[in-house]
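J.: Below is the file run-v1.cif, with mmCIF, C-alpha atoms, pLDDT in the B column; chains and numbers go by the auth columns.
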```cif
data_work
#
loop_
_atom_site.group_PDB
_atom_site.id
_atom_site.type_symbol
_atom_site.label_atom_id
_atom_site.label_comp_id
_atom_site.label_asym_id
_atom_site.label_seq_id
_atom_site.Cartn_x
_atom_site.Cartn_y
_atom_site.Cartn_z
_atom_site.B_iso_or_equiv
_atom_site.auth_seq_id
_atom_site.auth_asym_id
ATOM 1 C CA MET A 1 -0.202 -37.353 -22.261 88.00 1 A
ATOM 2 C CA THR A 2 -0.773 -40.513 -24.272 96.00 2 A
ATOM 3 C CA ASN A 3 0.431 -40.590 -27.878 97.00 3 A
ATOM 4 C CA TYR A 4 -2.610 -42.344 -29.324 98.00 4 A
ATOM 5 C CA THR A 5 -1.253 -42.318 -32.882 97.00 5 A
ATOM 6 C CA ALA A 6 1.803 -44.321 -31.808 98.00 6 A
ATOM 7 C CA LEU A 7 -0.334 -46.515 -29.534 98.00 7 A
ATOM 8 C CA CYS A 8 -2.707 -47.385 -32.370 98.00 8 A
ATOM 9 C CA GLN A 9 0.219 -48.240 -34.630 98.00 9 A
ATOM 10 C CA GLN A 10 1.614 -50.469 -31.888 97.00 10 A
ATOM 11 C CA LEU A 11 -1.780 -52.158 -31.425 97.00 11 A
ATOM 12 C CA SER A 12 -2.061 -52.840 -35.141 97.00 12 A
ATOM 13 C CA GLY A 13 1.412 -54.372 -35.181 97.00 13 A
ATOM 14 C CA LEU A 14 0.704 -56.509 -32.101 97.00 14 A
ATOM 15 C CA ILE A 15 -2.653 -57.939 -33.117 97.00 15 A
ATOM 16 C CA GLY A 16 -2.787 -57.682 -36.897 96.00 16 A
ATOM 17 C CA GLY A 17 -2.889 -61.067 -38.597 95.00 17 A
ATOM 18 C CA VAL A 18 -2.881 -63.038 -35.328 95.00 18 A
ATOM 19 C CA PRO A 19 -5.805 -65.513 -35.320 96.00 19 A
ATOM 20 C CA HIS A 20 -6.374 -65.678 -31.543 97.00 20 A
ATOM 21 C CA LEU A 21 -9.000 -63.375 -30.020 98.00 21 A
ATOM 22 C CA ILE A 22 -8.088 -63.744 -26.339 97.00 22 A
ATOM 23 C CA ALA A 23 -4.346 -63.443 -26.956 97.00 23 A
ATOM 24 C CA ASN A 24 -4.929 -60.306 -29.026 98.00 24 A
ATOM 25 C CA LEU A 25 -7.164 -58.697 -26.413 98.00 25 A
ATOM 26 C CA SER A 26 -4.566 -59.594 -23.771 98.00 26 A
ATOM 27 C CA ASN A 27 -1.799 -57.855 -25.709 98.00 27 A
ATOM 28 C CA ALA A 28 -4.058 -54.887 -26.442 98.00 28 A
ATOM 29 C CA SER A 29 -4.874 -54.409 -22.750 98.00 29 A
ATOM 30 C CA ALA A 30 -1.173 -54.703 -21.839 98.00 30 A
ATOM 31 C CA ALA A 31 -0.197 -52.128 -24.473 98.00 31 A
ATOM 32 C CA LEU A 32 -2.847 -49.692 -23.243 98.00 32 A
ATOM 33 C CA TRP A 33 -1.776 -50.277 -19.618 98.00 33 A
ATOM 34 C CA GLN A 34 1.834 -49.423 -20.434 97.00 34 A
ATOM 35 C CA ALA A 35 1.012 -46.397 -22.585 98.00 35 A
ATOM 36 C CA MET A 36 -1.482 -44.620 -20.332 98.00 36 A
ATOM 37 C CA GLU A 37 -0.733 -42.711 -17.137 97.00 37 A
ATOM 38 C CA ASP A 38 -2.853 -42.472 -14.008 97.00 38 A
ATOM 39 C CA ILE A 39 -5.068 -45.470 -14.706 97.00 39 A
ATOM 40 C CA ASN A 40 -5.830 -48.365 -12.387 97.00 40 A
ATOM 41 C CA TRP A 41 -7.686 -50.722 -14.747 97.00 41 A
ATOM 42 C CA VAL A 42 -7.887 -51.317 -18.482 98.00 42 A
ATOM 43 C CA GLY A 43 -9.455 -54.203 -20.307 98.00 43 A
ATOM 44 C CA PHE A 44 -12.282 -55.692 -22.253 98.00 44 A
ATOM 45 C CA TYR A 45 -15.718 -57.027 -21.459 98.00 45 A
ATOM 46 C CA ILE A 46 -17.071 -59.383 -24.118 98.00 46 A
ATOM 47 C CA LEU A 47 -20.782 -59.478 -24.871 97.00 47 A
ATOM 48 C CA GLU A 48 -22.293 -62.954 -24.455 97.00 48 A
ATOM 49 C CA GLY A 49 -26.003 -62.761 -25.179 96.00 49 A
ATOM 50 C CA ASP A 50 -27.022 -59.607 -23.349 95.00 50 A
ATOM 51 C CA THR A 51 -24.412 -59.931 -20.567 97.00 51 A
ATOM 52 C CA LEU A 52 -20.922 -58.445 -20.567 97.00 52 A
ATOM 53 C CA VAL A 53 -18.365 -61.028 -19.405 98.00 53 A
ATOM 54 C CA LEU A 54 -14.902 -60.127 -18.156 98.00 54 A
ATOM 55 C CA GLY A 55 -12.225 -60.531 -20.799 98.00 55 A
ATOM 56 C CA PRO A 56 -8.478 -59.834 -20.794 98.00 56 A
ATOM 57 C CA PHE A 57 -7.428 -56.918 -18.579 98.00 57 A
ATOM 58 C CA GLN A 58 -4.687 -55.274 -16.525 98.00 58 A
ATOM 59 C CA GLY A 59 -5.415 -54.215 -12.941 96.00 59 A
ATOM 60 C CA LYS A 60 -7.113 -55.565 -9.842 94.00 60 A
ATOM 61 C CA PRO A 61 -9.666 -58.382 -10.062 95.00 61 A
ATOM 62 C CA ALA A 62 -12.916 -57.144 -11.573 94.00 62 A
ATOM 63 C CA CYS A 63 -16.613 -57.909 -11.826 93.00 63 A
ATOM 64 C CA ILE A 64 -17.081 -61.084 -13.849 96.00 64 A
ATOM 65 C CA GLU A 65 -20.503 -60.304 -15.298 96.00 65 A
ATOM 66 C CA ILE A 66 -22.275 -57.026 -15.973 96.00 66 A
ATOM 67 C CA GLY A 67 -25.966 -57.307 -16.716 92.00 67 A
ATOM 68 C CA PRO A 68 -27.790 -55.458 -19.468 90.00 68 A
ATOM 69 C CA GLY A 69 -27.682 -51.697 -19.046 90.00 69 A
ATOM 70 C CA ARG A 70 -25.842 -51.832 -15.712 94.00 70 A
ATOM 71 C CA GLY A 71 -23.048 -49.410 -14.914 94.00 71 A
ATOM 72 C CA VAL A 72 -20.942 -47.420 -17.332 96.00 72 A
ATOM 73 C CA CYS A 73 -20.127 -50.496 -19.452 97.00 73 A
ATOM 74 C CA GLY A 74 -23.797 -51.433 -19.754 96.00 74 A
ATOM 75 C CA ALA A 75 -24.666 -47.846 -20.694 96.00 75 A
ATOM 76 C CA ALA A 76 -22.106 -47.965 -23.512 97.00 76 A
ATOM 77 C CA VAL A 77 -23.761 -51.107 -24.886 97.00 77 A
ATOM 78 C CA MET A 78 -27.298 -49.764 -24.505 96.00 78 A
ATOM 79 C CA THR A 79 -26.557 -46.403 -26.135 97.00 79 A
ATOM 80 C CA GLY A 80 -23.956 -47.639 -28.614 97.00 80 A
ATOM 81 C CA GLU A 81 -21.862 -44.611 -27.664 98.00 81 A
ATOM 82 C CA THR A 82 -18.654 -43.992 -25.767 98.00 82 A
ATOM 83 C CA GLN A 83 -19.229 -43.118 -22.127 97.00 83 A
ATOM 84 C CA LEU A 84 -16.849 -40.522 -20.661 97.00 84 A
ATOM 85 C CA VAL A 85 -17.531 -40.218 -16.926 97.00 85 A
ATOM 86 C CA ALA A 86 -15.644 -37.657 -14.851 97.00 86 A
ATOM 87 C CA ASP A 87 -17.008 -38.925 -11.518 95.00 87 A
ATOM 88 C CA VAL A 88 -18.258 -42.508 -11.446 94.00 88 A
ATOM 89 C CA HIS A 89 -19.841 -41.962 -8.020 91.00 89 A
ATOM 90 C CA ALA A 90 -22.255 -39.508 -9.667 92.00 90 A
ATOM 91 C CA PHE A 91 -23.132 -41.970 -12.471 90.00 91 A
ATOM 92 C CA PRO A 92 -26.524 -43.639 -11.889 82.00 92 A
ATOM 93 C CA GLY A 93 -26.081 -47.381 -11.369 79.00 93 A
ATOM 94 C CA HIS A 94 -22.273 -47.291 -11.252 78.00 94 A
ATOM 95 C CA ILE A 95 -20.801 -50.681 -10.359 80.00 95 A
ATOM 96 C CA ALA A 96 -17.861 -50.320 -7.975 75.00 96 A
ATOM 97 C CA CYS A 97 -15.622 -53.221 -8.963 77.00 97 A
ATOM 98 C CA ASP A 98 -12.667 -51.238 -7.556 76.00 98 A
ATOM 99 C CA ALA A 99 -13.575 -48.616 -4.958 79.00 99 A
ATOM 100 C CA ALA A 100 -10.452 -46.653 -5.948 86.00 100 A
ATOM 101 C CA SER A 101 -11.829 -45.918 -9.439 92.00 101 A
ATOM 102 C CA ARG A 102 -13.133 -42.366 -9.742 95.00 102 A
ATOM 103 C CA SER A 103 -13.381 -41.735 -13.496 97.00 103 A
ATOM 104 C CA GLU A 104 -13.969 -44.018 -16.451 97.00 104 A
ATOM 105 C CA VAL A 105 -14.208 -44.179 -20.209 98.00 105 A
ATOM 106 C CA VAL A 106 -15.915 -47.077 -22.008 98.00 106 A
ATOM 107 C CA VAL A 107 -15.865 -47.544 -25.785 98.00 107 A
ATOM 108 C CA PRO A 108 -18.141 -50.007 -27.621 98.00 108 A
ATOM 109 C CA ILE A 109 -16.408 -52.427 -30.018 98.00 109 A
ATOM 110 C CA ARG A 110 -18.312 -53.674 -33.049 97.00 110 A
ATOM 111 C CA ALA A 111 -18.067 -56.536 -35.503 96.00 111 A
ATOM 112 C CA GLY A 112 -20.504 -57.089 -38.337 93.00 112 A
ATOM 113 C CA GLY A 113 -22.358 -53.938 -37.315 92.00 113 A
ATOM 114 C CA LYS A 114 -23.140 -55.247 -33.809 96.00 114 A
ATOM 115 C CA ILE A 115 -21.535 -54.447 -30.461 97.00 115 A
ATOM 116 C CA VAL A 116 -19.455 -57.455 -29.406 98.00 116 A
ATOM 117 C CA ALA A 117 -17.400 -56.001 -26.547 98.00 117 A
ATOM 118 C CA VAL A 118 -16.357 -52.846 -24.753 98.00 118 A
ATOM 119 C CA LEU A 119 -12.980 -51.332 -23.972 98.00 119 A
ATOM 120 C CA ASP A 120 -13.054 -50.090 -20.370 98.00 120 A
ATOM 121 C CA VAL A 121 -10.444 -47.787 -18.796 98.00 121 A
ATOM 122 C CA ASP A 122 -10.617 -46.615 -15.157 97.00 122 A
ATOM 123 C CA SER A 123 -8.626 -44.056 -13.188 97.00 123 A
ATOM 124 C CA PRO A 124 -8.373 -43.240 -9.474 97.00 124 A
ATOM 125 C CA ILE A 125 -8.337 -39.531 -10.425 97.00 125 A
ATOM 126 C CA PRO A 126 -11.660 -37.706 -10.866 97.00 126 A
ATOM 127 C CA GLY A 127 -11.903 -36.062 -14.286 97.00 127 A
ATOM 128 C CA ARG A 128 -8.806 -37.925 -15.538 98.00 128 A
ATOM 129 C CA PHE A 129 -10.136 -38.494 -19.054 98.00 129 A
ATOM 130 C CA THR A 130 -10.473 -35.728 -21.637 98.00 130 A
ATOM 131 C CA GLU A 131 -12.114 -35.483 -25.033 98.00 131 A
ATOM 132 C CA ASP A 132 -8.664 -36.213 -26.485 97.00 132 A
ATOM 133 C CA ASP A 133 -8.618 -39.464 -24.495 98.00 133 A
ATOM 134 C CA ARG A 134 -12.116 -40.319 -25.723 98.00 134 A
ATOM 135 C CA ARG A 135 -11.118 -39.768 -29.353 98.00 135 A
ATOM 136 C CA GLY A 136 -7.813 -41.613 -28.878 98.00 136 A
ATOM 137 C CA LEU A 137 -9.465 -44.614 -27.226 98.00 137 A
ATOM 138 C CA GLU A 138 -12.145 -44.674 -29.923 98.00 138 A
ATOM 139 C CA HIS A 139 -9.306 -44.834 -32.462 98.00 139 A
ATOM 140 C CA CYS A 140 -7.716 -47.711 -30.502 98.00 140 A
ATOM 141 C CA ALA A 141 -11.076 -49.504 -30.430 98.00 141 A
ATOM 142 C CA ALA A 142 -11.360 -49.011 -34.197 98.00 142 A
ATOM 143 C CA VAL A 143 -7.979 -50.718 -34.623 98.00 143 A
ATOM 144 C CA VAL A 144 -9.209 -53.633 -32.509 98.00 144 A
ATOM 145 C CA GLU A 145 -12.408 -53.776 -34.574 97.00 145 A
ATOM 146 C CA GLN A 146 -10.515 -53.758 -37.872 96.00 146 A
ATOM 147 C CA GLU A 147 -7.783 -56.196 -36.928 95.00 147 A
ATOM 148 C CA LEU A 148 -10.040 -58.676 -35.116 95.00 148 A
ATOM 149 C CA ALA A 149 -13.238 -58.394 -37.197 93.00 149 A
ATOM 150 C CA GLU A 150 -13.091 -62.002 -38.377 92.00 150 A
ATOM 151 C CA LEU A 151 -12.415 -63.454 -34.905 94.00 151 A
ATOM 152 C CA TRP A 152 -15.654 -62.442 -33.129 90.00 152 A
#
```
Represent the structure of the file as structure tokens.

T.:
Amino acid sequence: MTNYTALCQQLSGLIGGVPHLIANLSNASAALWQAMEDINWVGFYILEGDTLVLGPFQGKPACIEIGPGRGVCGAAVMTGETQLVADVHAFPGHIACDAASRSEVVVPIRAGGKIVAVLDVDSPIPGRFTEDDRRGLEHCAAVVEQELAELW
């Protein structure tokens, strides 16, 4: 089980006060990768216009662009809410960047009141993510929002 309190403290220490967006997102994805069990991809998609563009991540190569409203990441942007998906194959419009992924959680990241990115975490295990994971990852995203607010 992931200790999200410790992870969020680590994230704050890693990225706080560092004026480089990509470097910070890279360290954040690496910290999440090391702290979480049974995941096969973790990273960020950055919103450019209405398209999500691949940002720093850990895992296999991924989709470079995700169009508006497409897949779990697009749903998170469209709804403005975290998407917790127990079985991605049952999710309408799921984009299979990695066929091994079976469950996913995607958290919107905001700056200036607008969604600027998403935090995306995938697992090869169906039902891997719990409500505790959702809350913990939302807390991690809030740290990213707070520490990087001026860099977006």

J.: Restricting the calculation to only C-alpha atoms, which member of A:Ala62, A:Ala31, A:Ala149, A:Cys73 is positioned closest to Gly113 (chain A)?

T.: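 So, comparing all the options, the nearest one is A:Ala149.
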
J.: For CA of Glu145 (chain A) and CA of Ala117 (chain A), quote the distance in Å rounded to one decimal.

T.: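 Separating CA of Glu145 (chain A) from CA of Ala117 (chain A) is a distance of 9.7 Å.
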
J.: Measuring between all atoms listed in the file, which one of A:His89, A:Pro56, A:Ala96, A:Leu119 shows the shortest distance to Cys140 (chain A)?

T.: A:Leu119

J.: Taking (-9.5, -44.8, -25.5) in the coordinates of the supplied file, I want to know which residues reach to within 12 Å of it, counting only C-alpha atoms; could you give the answer as number ranges by chain?

T.: A: 2-5, 7-8, 28-29, 31-33, 35-36, 39, 42-44, 82-84, 104-109, 118-122, 129-144

J.: Find the residue from A:Arg110, A:Ala90, A:Leu151, A:Val116 that sits nearest to Leu52 (chain A); use all atoms listed in the file when measuring.

T.: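 When distances to Leu52 (chain A) are compared using all atoms listed in the file, the smallest one comes from A:Val116.
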
J.: On this structure, which residues satisfy the PyMOL selection byres ((chain A and resi 40) around 7), written as a list of chain:residue names?

T.: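 Expected selection for the PyMOL selection byres ((chain A and resi 40) around 7) here is A:Asp38, A:Ile39, A:Trp41, A:Gly59, A:Asp122, A:Ser123, A:Pro124.
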
J.: May I ask for the distance between CA of Val85 (chain A) and CA of Ser103 (chain A), given in Å to one decimal place?

T.: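 It comes out at 5.6 Å.
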
J.: Go through the shown structure with the PyMOL selection byres ((chain A and resi 94) around 10) and write out the matching residues as a ChimeraX atom specification.

T.: /A:70-75,87-93,95-97

J.: With distances taken over only C-alpha atoms, which residue among A:Gln34, A:Pro68, A:Ile22, A:Gln9 lies nearest Glu48 (chain A)?

T.: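 Nearest candidate to Glu48 (chain A) out of A:Gln34, A:Pro68, A:Ile22, A:Gln9: A:Pro68.
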
J.: Counting all atoms listed in the file, which of A:Ala99, A:Leu14, A:Ile115, A:Ile125 gets nearest to Cys63 (chain A)?

T.: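 Result for the nearest residue to Cys63 (chain A): A:Ala99.
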
J.: Quick one, how far is CA of Lys114 (chain A) from CA of Ala30 (chain A)?

T.: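 About the pair CA of Lys114 (chain A) and CA of Ala30 (chain A): they are 25.0 Å apart.
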
J.: As AutoDock Vina command-line options, please report the centre and edge lengths, rounded to one decimal in Å, of the axis-aligned box that holds all listed atoms of region 25-41 of chain A with 5 Å of padding on each of the six sides.

T.:
```
--center_x -2.9 --center_y -51.0 --center_z -19.4 --size_x 19.5 --size_y 27.1 --size_z 24.1
```

J.: Written as a list of chain:residue names, which residues does the PyMOL selection byres ((chain A and resi 16) around 10) give for the file shown?

T.: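 Listing what the PyMOL selection byres ((chain A and resi 16) around 10) selects in the shown file: A:Gln10, A:Leu11, A:Ser12, A:Gly13, A:Leu14, A:Ile15, A:Gly17, A:Val18, A:Pro19, A:Asn24, A:Val143, A:Val144, A:Gln146, A:Glu147, A:Leu148.
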
J.: Using all atoms listed in the file, can you tell me which of A:Glu150, A:Gly49, A:Glu65, A:Ala86 comes closest to Leu21 (chain A)?

T.: A:Glu150

J.: Could you add whatever atoms are missing so that region 98-115 of chain A carries N, CA and C atoms, then write the result as an mmCIF file, in the frame of the given file?

T.:
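Contents of part39.cif, as written:
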```
data_model
loop_
_atom_site.group_PDB
_atom_site.id
_atom_site.type_symbol
_atom_site.label_atom_id
_atom_site.label_comp_id
_atom_site.auth_asym_id
_atom_site.auth_seq_id
_atom_site.Cartn_x
_atom_site.Cartn_y
_atom_site.Cartn_z
ATOM 1 N N ASP A 98 -13.829 -51.697 -8.310
ATOM 2 C CA ASP A 98 -12.667 -51.238 -7.556
ATOM 3 C C ASP A 98 -13.043 -49.896 -6.945
ATOM 4 N N ALA A 99 -13.149 -49.838 -5.644
ATOM 5 C CA ALA A 99 -13.575 -48.616 -4.958
ATOM 6 C C ALA A 99 -12.634 -47.441 -5.225
ATOM 7 N N ALA A 100 -11.407 -47.723 -5.667
ATOM 8 C CA ALA A 100 -10.452 -46.653 -5.948
ATOM 9 C C ALA A 100 -10.754 -45.933 -7.259
ATOM 10 N N SER A 101 -11.527 -46.547 -8.149
ATOM 11 C CA SER A 101 -11.829 -45.918 -9.439
ATOM 12 C C SER A 101 -12.729 -44.707 -9.225
ATOM 13 N N ARG A 102 -12.361 -43.607 -9.865
ATOM 14 C CA ARG A 102 -13.133 -42.366 -9.742
ATOM 15 C C ARG A 102 -13.627 -41.842 -11.078
ATOM 16 N N SER A 103 -12.918 -42.150 -12.172
ATOM 17 C CA SER A 103 -13.381 -41.735 -13.496
ATOM 18 C C SER A 103 -13.203 -42.905 -14.453
ATOM 19 N N GLU A 104 -13.933 -42.845 -15.565
ATOM 20 C CA GLU A 104 -13.969 -44.018 -16.451
ATOM 21 C C GLU A 104 -14.328 -43.581 -17.864
ATOM 22 N N VAL A 105 -13.790 -44.326 -18.813
ATOM 23 C CA VAL A 105 -14.208 -44.179 -20.209
ATOM 24 C C VAL A 105 -14.430 -45.578 -20.754
ATOM 25 N N VAL A 106 -15.559 -45.771 -21.448
ATOM 26 C CA VAL A 106 -15.915 -47.077 -22.008
ATOM 27 C C VAL A 106 -16.297 -46.882 -23.477
ATOM 28 N N VAL A 107 -15.648 -47.660 -24.349
ATOM 29 C CA VAL A 107 -15.865 -47.544 -25.785
ATOM 30 C C VAL A 107 -16.443 -48.854 -26.318
ATOM 31 N N PRO A 108 -17.596 -48.794 -27.001
ATOM 32 C CA PRO A 108 -18.141 -50.007 -27.621
ATOM 33 C C PRO A 108 -17.237 -50.493 -28.761
ATOM 34 N N ILE A 109 -17.156 -51.801 -28.917
ATOM 35 C CA ILE A 109 -16.408 -52.427 -30.018
ATOM 36 C C ILE A 109 -17.404 -53.229 -30.837
ATOM 37 N N ARG A 110 -17.344 -53.050 -32.152
ATOM 38 C CA ARG A 110 -18.312 -53.674 -33.049
ATOM 39 C C ARG A 110 -17.650 -54.651 -34.012
ATOM 40 N N ALA A 111 -18.445 -55.624 -34.420
ATOM 41 C CA ALA A 111 -18.067 -56.536 -35.503
ATOM 42 C C ALA A 111 -19.355 -56.862 -36.237
ATOM 43 N N GLY A 112 -19.307 -56.801 -37.552
ATOM 44 C CA GLY A 112 -20.504 -57.089 -38.337
ATOM 45 C C GLY A 112 -21.656 -56.157 -38.010
ATOM 46 N N GLY A 113 -21.332 -54.919 -37.613
ATOM 47 C CA GLY A 113 -22.358 -53.938 -37.315
ATOM 48 C C GLY A 113 -22.985 -54.053 -35.935
ATOM 49 N N LYS A 114 -22.575 -55.042 -35.144
ATOM 50 C CA LYS A 114 -23.140 -55.247 -33.809
ATOM 51 C C LYS A 114 -22.064 -55.043 -32.754
ATOM 52 N N ILE A 115 -22.477 -54.574 -31.577
ATOM 53 C CA ILE A 115 -21.535 -54.447 -30.461
ATOM 54 C C ILE A 115 -21.210 -55.844 -29.962
#
```
